[in-house]
Amino acid sequence: MKKYNISVEATLEVIGGKWKCVILCHLTHGKKRTSELKRLIPSITQKMLTQQLRELEHDGIINRIVYNQVPPKVEYELSEYGKSLESILTSLCNWGDAHIERMCGDRLEFLEDSILNK
């Protein structure tokens, strides 16, 4: 087992990087298909989205639900363990809002039109 210098390293190992928190924030609003996540995060590549989803699933943060139908349907949702990150994600969003306002003024002028930015 790896030793960490401080506990935040363990957190960042699971949810760090450019995309994982963004994906998780979208999943706090319910189950999403891969295509929905791609539409909600247009600047992520399909390859990167797939990789990040696999890593989050491997770490037990999200569940991958496969429906036995034709054509195949797959959805992702926060696991019970992943739901324990919701307060952290909310705090990160709140800090980001305050930071944008401090640096740029009205945050709504500098945020994309998204359900997460209402």
# chains A, B, ... in the order shown; residues from 1 in each chain; ligands from 1

$ residues_around --residues "Glu80 in chain A" --least-positions-apart "2" --cutoff "9 Å" --atoms "only C-alpha atoms" --output "list in words"
Gly60, Ile61, Ile62, Leu78, Gly82, Lys83 and Ser84 of chain A

$ closest_residue --among "A:Ile6, A:Glu77, A:Lys18, A:Gln69" --to "Leu37 in chain A" --atoms "only C-alpha atoms"
A:Glu77

$ atom_distance --atom1 "CA of Cys93 in chain A" --atom2 "CA of Val74 in chain A"
27.4 Å

$ select_by_dssp --residues "chain A" --states "helix (DSSP H, G or I)" --output "PyMOL selection string"
chain A and resi 7-15+20-27+34-40+46-58+80-83+86-104+107-109+115-117

$ select_by_dssp --residues "chain A" --states "strand (DSSP E)" --output "list in words"
Lys32, Arg33, Ile62, Asn63, Arg64, Ile65, Val66, Tyr67, Lys73, Val74, Glu75, Tyr76, Glu77 and Leu78 of chain A

$ residues_around --residues "Ile100 in chain A" --least-positions-apart "5" --cutoff "9 Å" --atoms "only C-alpha atoms" --output "JSON list (two decimals) with N, CA and C atoms, in the first residue's frame"
[["chain", "number", "residue", "atom", "x", "y", "z"],
["A", 95, "TRP", "N", -16.19, 27.96, -4.18],
["A", 95, "TRP", "CA", -14.92, 28.67, -4.20],
["A", 95, "TRP", "C", -14.65, 29.20, -5.61],
["A", 105, "GLY", "N", -15.34, 39.78, -12.15],
["A", 105, "GLY", "CA", -16.61, 40.49, -12.00],
["A", 105, "GLY", "C", -17.76, 39.49, -12.00],
["A", 106, "ASP", "N", -18.80, 39.81, -12.74],
["A", 106, "ASP", "CA", -20.00, 38.97, -12.77],
["A", 106, "ASP", "C", -19.67, 37.57, -13.30],
["A", 107, "ARG", "N", -19.81, 36.58, -12.44],
["A", 107, "ARG", "CA", -19.44, 35.21, -12.81],
["A", 107, "ARG", "C", -20.26, 34.68, -13.97],
["A", 110, "PHE", "N", -18.83, 34.87, -17.35],
["A", 110, "PHE", "CA", -17.64, 34.07, -17.62],
["A", 110, "PHE", "C", -17.88, 32.56, -17.47],
["A", 111, "LEU", "N", -19.14, 32.17, -17.30],
["A", 111, "LEU", "CA", -19.48, 30.76, -17.21],
["A", 111, "LEU", "C", -20.38, 30.38, -18.38]]

$ decode --residues "range 44-71 of chain A" --atoms "C-alpha atoms" --output "CSV table (one decimal), in the first residue's frame"
chain,number,residue,atom,x,y,z
A,44,ILE,CA,-13.3,16.6,-23.3
A,45,THR,CA,-12.3,14.0,-25.9
A,46,GLN,CA,-14.2,10.7,-26.1
A,47,LYS,CA,-11.0,8.8,-25.2
A,48,MET,CA,-10.4,10.9,-22.1
A,49,LEU,CA,-14.0,10.7,-21.0
A,50,THR,CA,-13.9,6.9,-21.3
A,51,GLN,CA,-10.6,6.7,-19.4
A,52,GLN,CA,-11.8,9.0,-16.6
A,53,LEU,CA,-15.1,7.0,-16.2
A,54,ARG,CA,-13.2,3.8,-16.0
A,55,GLU,CA,-10.8,5.2,-13.3
A,56,LEU,CA,-13.7,6.5,-11.3
A,57,GLU,CA,-15.5,3.2,-11.6
A,58,HIS,CA,-12.3,1.3,-10.6
A,59,ASP,CA,-12.0,3.5,-7.5
A,60,GLY,CA,-15.6,2.8,-6.5
A,61,ILE,CA,-16.7,6.4,-7.0
A,62,ILE,CA,-19.3,5.7,-9.7
A,63,ASN,CA,-21.4,2.8,-10.8
A,64,ARG,CA,-21.6,1.7,-14.4
A,65,ILE,CA,-25.1,0.4,-15.2
A,66,VAL,CA,-25.5,-1.8,-18.3
A,67,TYR,CA,-29.0,-2.4,-19.5
A,68,ASN,CA,-29.6,-5.7,-21.4
A,69,GLN,CA,-31.3,-4.3,-24.5
A,70,VAL,CA,-30.6,-3.7,-28.2
A,71,PRO,CA,-29.0,-1.3,-28.8
